[in-house]
Each structure stands twice: as C-alpha cells, then as structure tokens.
file upload26.pdb (PDB, C-alpha atoms and all ligand atoms)
MODEL        1
ATOM      1  CA  MET A   1      35.858 157.656  51.636  1.00  0.00           C
ATOM      2  CA  VAL A   2      38.371 154.938  52.539  1.00  0.00           C
ATOM      3  CA  SER A   3      41.711 155.520  50.817  1.00  0.00           C
ATOM      4  CA  LYS A   4      43.826 152.785  49.321  1.00  0.00           C
ATOM      5  CA  ARG A   5      46.923 151.521  51.131  1.00  0.00           C
ATOM      6  CA  THR A   6      50.032 153.474  50.274  1.00  0.00           C
ATOM      7  CA  ASP A   7      52.763 151.185  51.634  1.00  0.00           C
ATOM      8  CA  TYR A   8      52.102 148.356  49.169  1.00  0.00           C
ATOM      9  CA  LEU A   9      55.072 146.708  47.434  1.00  0.00           C
ATOM     10  CA  SER A  10      56.328 148.165  44.178  1.00  0.00           C
ATOM     11  CA  TRP A  11      56.742 145.697  41.299  1.00  0.00           C
ATOM     12  CA  ASP A  12      60.502 145.640  41.878  1.00  0.00           C
ATOM     13  CA  GLU A  13      60.047 144.988  45.596  1.00  0.00           C
ATOM     14  CA  TYR A  14      57.463 142.290  44.922  1.00  0.00           C
ATOM     15  CA  PHE A  15      59.550 140.322  42.425  1.00  0.00           C
ATOM     16  CA  MET A  16      62.761 140.717  44.423  1.00  0.00           C
ATOM     17  CA  ALA A  17      60.934 139.535  47.547  1.00  0.00           C
ATOM     18  CA  VAL A  18      59.696 136.471  45.607  1.00  0.00           C
ATOM     19  CA  ALA A  19      63.284 135.817  44.508  1.00  0.00           C
ATOM     20  CA  LEU A  20      64.532 136.066  48.093  1.00  0.00           C
ATOM     21  CA  LEU A  21      61.704 133.886  49.383  1.00  0.00           C
ATOM     22  CA  SER A  22      62.604 131.240  46.791  1.00  0.00           C
ATOM     23  CA  GLY A  23      66.204 131.387  47.976  1.00  0.00           C
ATOM     24  CA  LEU A  24      65.061 130.273  51.416  1.00  0.00           C
ATOM     25  CA  ARG A  25      64.428 126.847  49.856  1.00  0.00           C
ATOM     26  CA  SER A  26      68.147 126.455  49.112  1.00  0.00           C
ATOM     27  CA  LYS A  27      70.122 123.883  51.115  1.00  0.00           C
ATOM     28  CA  ASP A  28      73.428 125.588  50.351  1.00  0.00           C
ATOM     29  CA  PRO A  29      74.925 126.348  53.774  1.00  0.00           C
ATOM     30  CA  SER A  30      76.947 129.364  52.628  1.00  0.00           C
ATOM     31  CA  THR A  31      75.038 131.182  49.880  1.00  0.00           C
ATOM     32  CA  GLN A  32      71.305 130.946  49.220  1.00  0.00           C
ATOM     33  CA  VAL A  33      70.254 132.467  45.902  1.00  0.00           C
ATOM     34  CA  GLY A  34      66.739 132.902  44.548  1.00  0.00           C
ATOM     35  CA  ALA A  35      65.553 134.166  41.178  1.00  0.00           C
ATOM     36  CA  CYS A  36      62.213 135.246  39.720  1.00  0.00           C
ATOM     37  CA  VAL A  37      61.388 135.775  36.041  1.00  0.00           C
ATOM     38  CA  ALA A  38      58.707 138.411  35.418  1.00  0.00           C
ATOM     39  CA  SER A  39      56.993 139.230  32.134  1.00  0.00           C
ATOM     40  CA  ALA A  40      56.519 142.644  30.569  1.00  0.00           C
ATOM     41  CA  ALA A  41      52.951 142.433  31.890  1.00  0.00           C
ATOM     42  CA  ASN A  42      54.288 141.857  35.432  1.00  0.00           C
ATOM     43  CA  LYS A  43      53.268 138.204  35.652  1.00  0.00           C
ATOM     44  CA  ILE A  44      55.531 135.722  37.403  1.00  0.00           C
ATOM     45  CA  ILE A  45      56.775 133.310  34.751  1.00  0.00           C
ATOM     46  CA  GLY A  46      59.251 131.228  36.758  1.00  0.00           C
ATOM     47  CA  VAL A  47      61.117 130.996  40.040  1.00  0.00           C
ATOM     48  CA  GLY A  48      64.164 129.035  41.147  1.00  0.00           C
ATOM     49  CA  TYR A  49      66.880 128.662  43.734  1.00  0.00           C
ATOM     50  CA  ASN A  50      70.303 127.055  43.832  1.00  0.00           C
ATOM     51  CA  GLY A  51      70.288 123.330  44.412  1.00  0.00           C
ATOM     52  CA  PHE A  52      71.349 119.972  43.079  1.00  0.00           C
ATOM     53  CA  PRO A  53      69.661 118.479  39.996  1.00  0.00           C
ATOM     54  CA  TRP A  54      66.671 116.165  40.126  1.00  0.00           C
ATOM     55  CA  GLY A  55      67.576 112.756  41.518  1.00  0.00           C
ATOM     56  CA  CYS A  56      70.745 114.026  43.195  1.00  0.00           C
ATOM     57  CA  SER A  57      69.969 113.923  46.886  1.00  0.00           C
ATOM     58  CA  ASP A  58      70.813 117.008  48.948  1.00  0.00           C
ATOM     59  CA  ASP A  59      72.317 114.588  51.447  1.00  0.00           C
ATOM     60  CA  ASP A  60      74.608 112.667  49.080  1.00  0.00           C
ATOM     61  CA  LEU A  61      76.516 115.311  47.123  1.00  0.00           C
ATOM     62  CA  PRO A  62      79.004 117.606  48.878  1.00  0.00           C
ATOM     63  CA  TRP A  63      78.182 121.147  50.020  1.00  0.00           C
ATOM     64  CA  SER A  64      81.852 122.061  50.549  1.00  0.00           C
ATOM     65  CA  ARG A  65      83.396 125.154  49.016  1.00  0.00           C
ATOM     66  CA  GLU A  66      86.964 123.902  49.198  1.00  0.00           C
ATOM     67  CA  GLY A  67      88.937 120.786  48.414  1.00  0.00           C
ATOM     68  CA  GLU A  68      89.242 118.641  45.305  1.00  0.00           C
ATOM     69  CA  TYR A  69      86.875 120.058  42.663  1.00  0.00           C
ATOM     70  CA  LEU A  70      84.755 116.910  42.541  1.00  0.00           C
ATOM     71  CA  ASP A  71      84.448 116.999  46.339  1.00  0.00           C
ATOM     72  CA  THR A  72      82.920 120.498  46.275  1.00  0.00           C
ATOM     73  CA  LYS A  73      79.395 121.640  45.393  1.00  0.00           C
ATOM     74  CA  TYR A  74      80.493 123.605  42.340  1.00  0.00           C
ATOM     75  CA  PRO A  75      80.349 120.938  39.603  1.00  0.00           C
ATOM     76  CA  TYR A  76      76.894 119.794  40.744  1.00  0.00           C
ATOM     77  CA  VAL A  77      74.816 122.754  41.865  1.00  0.00           C
ATOM     78  CA  CYS A  78      72.265 124.302  39.503  1.00  0.00           C
ATOM     79  CA  HIS A  79      72.198 128.053  39.901  1.00  0.00           C
ATOM     80  CA  ALA A  80      69.011 129.897  40.794  1.00  0.00           C
ATOM     81  CA  GLU A  81      68.825 131.686  37.439  1.00  0.00           C
ATOM     82  CA  LEU A  82      69.128 128.447  35.463  1.00  0.00           C
ATOM     83  CA  ASN A  83      66.361 126.882  37.531  1.00  0.00           C
ATOM     84  CA  ALA A  84      64.127 129.947  37.188  1.00  0.00           C
ATOM     85  CA  VAL A  85      64.484 129.876  33.392  1.00  0.00           C
ATOM     86  CA  LEU A  86      63.993 126.095  33.186  1.00  0.00           C
ATOM     87  CA  ASN A  87      60.999 126.291  35.550  1.00  0.00           C
ATOM     88  CA  SER A  88      59.340 128.981  33.436  1.00  0.00           C
ATOM     89  CA  THR A  89      55.805 128.322  32.338  1.00  0.00           C
ATOM     90  CA  VAL A  90      56.522 129.662  28.872  1.00  0.00           C
ATOM     91  CA  ARG A  91      59.515 128.944  26.677  1.00  0.00           C
ATOM     92  CA  ASP A  92      59.841 132.334  25.035  1.00  0.00           C
ATOM     93  CA  LEU A  93      61.126 134.818  27.617  1.00  0.00           C
ATOM     94  CA  HIS A  94      61.562 137.743  25.233  1.00  0.00           C
ATOM     95  CA  ASP A  95      61.102 141.066  27.011  1.00  0.00           C
ATOM     96  CA  CYS A  96      61.025 139.362  30.404  1.00  0.00           C
ATOM     97  CA  ARG A  97      63.216 140.449  33.277  1.00  0.00           C
ATOM     98  CA  ILE A  98      64.899 138.361  35.940  1.00  0.00           C
ATOM     99  CA  TYR A  99      65.217 139.353  39.590  1.00  0.00           C
ATOM    100  CA  VAL A 100      68.078 137.636  41.340  1.00  0.00           C
ATOM    101  CA  ALA A 101      69.745 137.879  44.741  1.00  0.00           C
ATOM    102  CA  LEU A 102      73.259 137.634  43.295  1.00  0.00           C
ATOM    103  CA  PHE A 103      74.675 138.870  39.982  1.00  0.00           C
ATOM    104  CA  PRO A 104      74.642 136.017  37.424  1.00  0.00           C
ATOM    105  CA  CYS A 105      77.730 133.998  36.534  1.00  0.00           C
ATOM    106  CA  ASN A 106      78.881 133.552  32.928  1.00  0.00           C
ATOM    107  CA  GLU A 107      77.103 130.204  32.519  1.00  0.00           C
ATOM    108  CA  CYS A 108      73.770 131.593  33.688  1.00  0.00           C
ATOM    109  CA  GLY A 109      74.525 134.682  31.646  1.00  0.00           C
ATOM    110  CA  LYS A 110      74.474 132.588  28.477  1.00  0.00           C
ATOM    111  CA  VAL A 111      71.181 130.985  29.492  1.00  0.00           C
ATOM    112  CA  ILE A 112      69.649 134.388  30.290  1.00  0.00           C
ATOM    113  CA  ILE A 113      70.729 135.875  26.965  1.00  0.00           C
ATOM    114  CA  GLN A 114      69.582 132.884  24.923  1.00  0.00           C
ATOM    115  CA  SER A 115      66.209 132.808  26.680  1.00  0.00           C
ATOM    116  CA  GLY A 116      65.393 136.344  25.499  1.00  0.00           C
ATOM    117  CA  ILE A 117      65.376 137.982  28.929  1.00  0.00           C
ATOM    118  CA  ARG A 118      66.128 141.686  28.443  1.00  0.00           C
ATOM    119  CA  GLU A 119      66.840 142.944  31.952  1.00  0.00           C
ATOM    120  CA  ILE A 120      68.568 141.706  35.096  1.00  0.00           C
ATOM    121  CA  ILE A 121      67.774 143.234  38.490  1.00  0.00           C
ATOM    122  CA  TYR A 122      70.185 142.044  41.141  1.00  0.00           C
ATOM    123  CA  LEU A 123      70.698 142.675  44.828  1.00  0.00           C
ATOM    124  CA  SER A 124      74.311 141.713  45.510  1.00  0.00           C
ATOM    125  CA  ASP A 125      77.367 141.788  43.283  1.00  0.00           C
ATOM    126  CA  LYS A 126      79.707 140.188  45.806  1.00  0.00           C
ATOM    127  CA  TYR A 127      81.577 138.187  43.159  1.00  0.00           C
ATOM    128  CA  LYS A 128      82.122 141.195  40.876  1.00  0.00           C
ATOM    129  CA  ASP A 129      85.898 140.660  40.871  1.00  0.00           C
ATOM    130  CA  THR A 130      85.697 137.131  39.489  1.00  0.00           C
ATOM    131  CA  ASP A 131      86.345 136.284  35.835  1.00  0.00           C
ATOM    132  CA  SER A 132      82.957 134.592  35.718  1.00  0.00           C
ATOM    133  CA  VAL A 133      81.051 137.774  36.532  1.00  0.00           C
ATOM    134  CA  ARG A 134      83.352 139.859  34.326  1.00  0.00           C
ATOM    135  CA  ALA A 135      82.598 137.535  31.398  1.00  0.00           C
ATOM    136  CA  ALA A 136      78.882 137.698  32.155  1.00  0.00           C
ATOM    137  CA  LYS A 137      78.944 141.514  32.122  1.00  0.00           C
ATOM    138  CA  LEU A 138      80.829 141.544  28.827  1.00  0.00           C
ATOM    139  CA  MET A 139      78.236 139.264  27.233  1.00  0.00           C
ATOM    140  CA  PHE A 140      75.318 141.285  28.651  1.00  0.00           C
ATOM    141  CA  ALA A 141      76.810 144.496  27.291  1.00  0.00           C
ATOM    142  CA  LYS A 142      77.289 142.995  23.822  1.00  0.00           C
ATOM    143  CA  SER A 143      73.805 141.442  23.795  1.00  0.00           C
ATOM    144  CA  GLY A 144      72.035 144.546  25.027  1.00  0.00           C
ATOM    145  CA  VAL A 145      70.798 142.889  28.218  1.00  0.00           C
ATOM    146  CA  ARG A 146      70.358 145.658  30.785  1.00  0.00           C
ATOM    147  CA  CYS A 147      71.634 145.187  34.327  1.00  0.00           C
ATOM    148  CA  ARG A 148      70.627 147.298  37.282  1.00  0.00           C
ATOM    149  CA  ARG A 149      71.126 146.970  40.995  1.00  0.00           C
ATOM    150  CA  PHE A 150      68.026 146.798  43.150  1.00  0.00           C
ATOM    151  CA  VAL A 151      68.141 149.816  45.452  1.00  0.00           C
ATOM    152  CA  PRO A 152      65.936 149.032  48.444  1.00  0.00           C
ATOM    153  CA  GLU A 153      63.631 151.718  49.747  1.00  0.00           C
ATOM    154  CA  ARG A 154      62.730 149.632  52.783  1.00  0.00           C
ATOM    155  CA  ALA A 155      65.022 147.455  54.865  1.00  0.00           C
ATOM    156  CA  SER A 156      62.798 144.373  55.018  1.00  0.00           C
ATOM    157  CA  VAL A 157      59.471 142.827  54.142  1.00  0.00           C
ATOM    158  CA  LEU A 158      57.771 141.040  57.017  1.00  0.00           C
ATOM    159  CA  LEU A 159      55.983 137.741  56.521  1.00  0.00           C
ATOM    160  CA  SER A 160      54.154 136.232  59.445  1.00  0.00           C
ATOM    161  CA  PHE A 161      52.327 132.910  59.755  1.00  0.00           C
ATOM    162  CA  LEU A 162      50.647 134.060  62.934  1.00  0.00           C
TER     163      LEU A 162
HETATM  164  N1  LIG A 201      74.427 134.123  40.434  1.00  0.00           N
HETATM  165  C1  LIG A 201      74.584 133.021  41.197  1.00  0.00           C
HETATM  166  C2  LIG A 201      75.782 132.763  41.829  1.00  0.00           C
HETATM  167  C3  LIG A 201      75.898 131.631  42.604  1.00  0.00           C
HETATM  168  N2  LIG A 201      74.853 130.805  42.735  1.00  0.00           N
HETATM  169  C4  LIG A 201      74.959 129.664  43.644  1.00  0.00           C
HETATM  170  C5  LIG A 201      76.000 128.622  43.393  1.00  0.00           C
HETATM  171  C6  LIG A 201      76.322 128.155  44.784  1.00  0.00           C
HETATM  172  O1  LIG A 201      75.339 127.231  45.239  1.00  0.00           O
HETATM  173  C7  LIG A 201      76.218 129.417  45.607  1.00  0.00           C
HETATM  174  C8  LIG A 201      77.526 130.175  45.727  1.00  0.00           C
HETATM  175  O2  LIG A 201      78.271 129.553  46.739  1.00  0.00           O
HETATM  176  P1  LIG A 201      79.562 130.252  47.409  1.00  0.00           P
HETATM  177  O3  LIG A 201      80.666 130.162  46.413  1.00  0.00           O
HETATM  178  O4  LIG A 201      79.174 131.682  47.731  1.00  0.00           O
HETATM  179  O5  LIG A 201      79.782 129.442  48.640  1.00  0.00           O
HETATM  180  O6  LIG A 201      75.283 130.217  44.913  1.00  0.00           O
HETATM  181  C9  LIG A 201      73.651 131.074  42.124  1.00  0.00           C
HETATM  182  O7  LIG A 201      72.669 130.316  42.262  1.00  0.00           O
HETATM  183  N3  LIG A 201      73.547 132.171  41.345  1.00  0.00           N
HETATM  184 ZN    ZN A 202      75.181 130.910  37.460  1.00  0.00          ZN
ENDMDL
END
call {"tool": "encode", "arguments": {"input": "upload26.pdb", "output": "structure tokens", "more": "lines below"}}
Ligand SMILES: Nc1ccn([C@H]2C[C@H](O)[C@@H](COP(=O)(O)O)O2)c(=O)n1
Ligand SMILES: [Zn+2]
result
Amino acid sequence: MVSKRTDYLSWDEYFMAVALLSGLRSKDPSTQVGACVASAANKIIGVGYNGFPWGCSDDDLPWSREGEYLDTKYPYVCHAELNAVLNSTVRDLHDCRIYVALFPCNECGKVIIQSGIREIIYLSDKYKDTDSVRAAKLMFAKSGVRCRRFVPERASVLLSFL
C-alpha cells in the first residue's frame, strides 16, 4: 500500500507561509509584512501586505523611514493586518486567527480586536520595545485575544516555478 506523505505543511506552517508569500508583494524597501486570516475551519478568509492605499501610487509617496513625518512612509502605509481584515471575504471574523510576519501595532490591534479575531500568531516581535506594541499587548490582554509566537519546525518552505 502507498503511504501518505508525512512532510506536508501543518496548518500553522501553511497559513504563516501564505502570510510570508503575501508579504513578497510589498514595495516597502525595509520591512515587508504579510498577514493571513484563517477561520476556525481552517479556511483562508483574507490576506494582505503593507502598502499604500488605493489610488496612491507606489512611485509617488515616500518610502523613507526618516525625515519630516509627512516625508516618510508612516502616515500613508496601510499595515498588512489592516489590509488582511479589510480584504476578508466575510465581515464577521469571530473565532478567526491572524497569522502575521510582525507583531501588530496598536492601530492594527484595535482593528483585530474589533473584527472578532481571537488569536494572533506572529513570527517576529522586533518592535517589542515600542510604545505601539506595548499598547497593542495591553489591549490584547484585556480583550482576551491570544498571542503566540510561531515556532518554526523547518527553516524554509521551497517554492519553485520550474
Ligand atoms: N505589524 C506591522 C508592523 C509594521 N508594518 C509595516 C509598516 C511599514 O510599512 C513597515 C515597517 O517599516 P520599518 O519601520 O520597519 O521600516 O511594516 C505592518 O504592516 N505590520
Ligand atoms: Zn499596524
């Protein structure tokens, strides 16, 4: 009898890989973030990546990190989590989880909580010492939104077009 494959992706690996793949669409030169919303039944409900809003050309607005606030990307860029929630095929995200490459900021934290998402699975927490992430964690704790770090059991997932 032929046995089934054993090295298939776990649900966590699958949704995190989709999040990371989505992040490859980002034009941000320094940090590319992708996010994937999954339902309790393990269906993909929405994906997103960080980028400028509709109608705001990637070539017109600044991608700088430093300088006058209005000359940086920060006031303009939509975060991956916001886009994943807004791109969702259903409006009610109760009991969904979101996979994201980078721990959510406070603004996305509010969106995640209000959408009904119950769990955040993140890869990096590189901005953990910022007030934004501290505020997000405080809100998640109060709202009962669980947060857990994705602990990889394999170093990479290979995609090949050849
Ligand atoms: N959870 C997050 C955090 C950040 N982003 C976006 C916002 C920017 O485009 C970029 C961060 O840029 P950096 O300050 O590292 O140059 O990542 C996001 O989508 N989700
Ligand atoms: Zn954010």
call {"tool": "residues_near_ligand", "arguments": {"input": "upload26.pdb", "ligand": "ligand LIG 201 (chain A)", "cutoff": "8 Å", "atoms": "only C-alpha atoms and all ligand atoms", "output": "list in words"}}
result
Asp28, Pro29, Ser30, Thr31, Gln32, Val33, Gly34, Tyr49, Asn50, Gly51, Ser64, Arg65, Lys73, Tyr74, Val77, Cys78, His79, Ala80, Glu81, Leu82, Val100, Ala101, Leu102, Phe103, Pro104, Cys105 and Cys108 of chain A
call {"tool": "write_last_selection", "arguments": {"input": "upload26.pdb", "atoms": "C-alpha atoms", "output": "tab-separated table (two decimals), keeping the file's coordinate frame"}}
result
chain	number	residue	atom	x	y	z
A	28	ASP	CA	73.43	125.59	50.35
A	29	PRO	CA	74.92	126.35	53.77
A	30	SER	CA	76.95	129.36	52.63
A	31	THR	CA	75.04	131.18	49.88
A	32	GLN	CA	71.31	130.95	49.22
A	33	VAL	CA	70.25	132.47	45.90
A	34	GLY	CA	66.74	132.90	44.55
A	49	TYR	CA	66.88	128.66	43.73
A	50	ASN	CA	70.30	127.06	43.83
A	51	GLY	CA	70.29	123.33	44.41
A	64	SER	CA	81.85	122.06	50.55
A	65	ARG	CA	83.40	125.15	49.02
A	73	LYS	CA	79.40	121.64	45.39
A	74	TYR	CA	80.49	123.60	42.34
A	77	VAL	CA	74.82	122.75	41.86
A	78	CYS	CA	72.26	124.30	39.50
A	79	HIS	CA	72.20	128.05	39.90
A	80	ALA	CA	69.01	129.90	40.79
A	81	GLU	CA	68.82	131.69	37.44
A	82	LEU	CA	69.13	128.45	35.46
A	100	VAL	CA	68.08	137.64	41.34
A	101	ALA	CA	69.74	137.88	44.74
A	102	LEU	CA	73.26	137.63	43.30
A	103	PHE	CA	74.68	138.87	39.98
A	104	PRO	CA	74.64	136.02	37.42
A	105	CYS	CA	77.73	134.00	36.53
A	108	CYS	CA	73.77	131.59	33.69
call {"tool": "resolve_selection", "arguments": {"input": "upload26.pdb", "expression": "the PyMOL selection byres (((chain A and resi 41) around 12) and not hetatm)", "output": "VMD selection string"}}
result
chain A and resid 11 37 to 40 42 to 45 93 to 97
call {"tool": "residues_around", "arguments": {"input": "upload26.pdb", "residues": "Ala155 of chain A", "least_positions_apart": "3", "cutoff": "12 Å", "atoms": "all atoms listed in the file", "output": "mmCIF file with C-alpha atoms, keeping the file's coordinate frame"}}
result
data_model
loop_
_atom_site.group_PDB
_atom_site.id
_atom_site.type_symbol
_atom_site.label_atom_id
_atom_site.label_comp_id
_atom_site.auth_asym_id
_atom_site.auth_seq_id
_atom_site.Cartn_x
_atom_site.Cartn_y
_atom_site.Cartn_z
ATOM 1 C CA GLU A 13 60.047 144.988 45.596
ATOM 2 C CA ALA A 17 60.934 139.535 47.547
ATOM 3 C CA VAL A 151 68.141 149.816 45.452
ATOM 4 C CA PRO A 152 65.936 149.032 48.444
ATOM 5 C CA LEU A 158 57.771 141.040 57.017
#
call {"tool": "resolve_selection", "arguments": {"input": "upload26.pdb", "expression": "the PyMOL selection byres (((chain A and resi 147) around 10) and not hetatm)", "output": "list in words"}}
result
Arg97, Ile98, Phe103, Arg118, Glu119, Ile120, Ile121, Tyr122, Lys137, Phe140, Ala141, Gly144, Val145, Arg146, Arg148, Arg149 and Phe150 of chain A
call {"tool": "axis_aligned_box", "arguments": {"input": "upload26.pdb", "around": "segment 97-109 of chain A", "padding_each_side": "3 Å", "output": "AutoDock Vina command-line options"}}
result
--center_x 71.0 --center_y 135.3 --center_z 38.2 --size_x 21.7 --size_y 16.2 --size_z 19.1
call {"tool": "closest_residue", "arguments": {"input": "upload26.pdb", "among": "A:Glu107, A:Ile113, A:Val18, A:Asp7", "to": "Asp131 of chain A", "atoms": "all atoms listed in the file"}}
result
A:Glu107
call {"tool": "closest_residue", "arguments": {"input": "upload26.pdb", "among": "A:Pro53, A:Gly109, A:Gly23, A:Gly116", "to": "ligand ZN 202 (chain A)", "atoms": "all atoms listed in the file"}}
result
A:Gly109
call {"tool": "atom_distance", "arguments": {"input": "upload26.pdb", "atom1": "atom CA of Leu86 of chain A", "atom2": "atom CA of Phe52 of chain A"}}
result
13.8 Å
call {"tool": "atom_distance", "arguments": {"input": "upload26.pdb", "atom1": "atom CA of Gly46 of chain A", "atom2": "atom CA of Ser26 of chain A"}}
result
16.0 Å
call {"tool": "atom_distance", "arguments": {"input": "upload26.pdb", "atom1": "atom CA of Val157 of chain A", "atom2": "atom CA of Asp58 of chain A"}}
result
28.7 Å
call {"tool": "closest_residue", "arguments": {"input": "upload26.pdb", "among": "A:Ala84, A:Leu138, A:Met1, A:Leu9", "to": "Arg154 of chain A", "atoms": "all atoms listed in the file"}}
result
A:Leu9
call {"tool": "closest_residue", "arguments": {"input": "upload26.pdb", "among": "A:Ala136, A:Val90, A:Ile117, A:Met16", "to": "ligand ZN 202 (chain A)", "atoms": "only C-alpha atoms and all ligand atoms"}}
result
A:Ala136
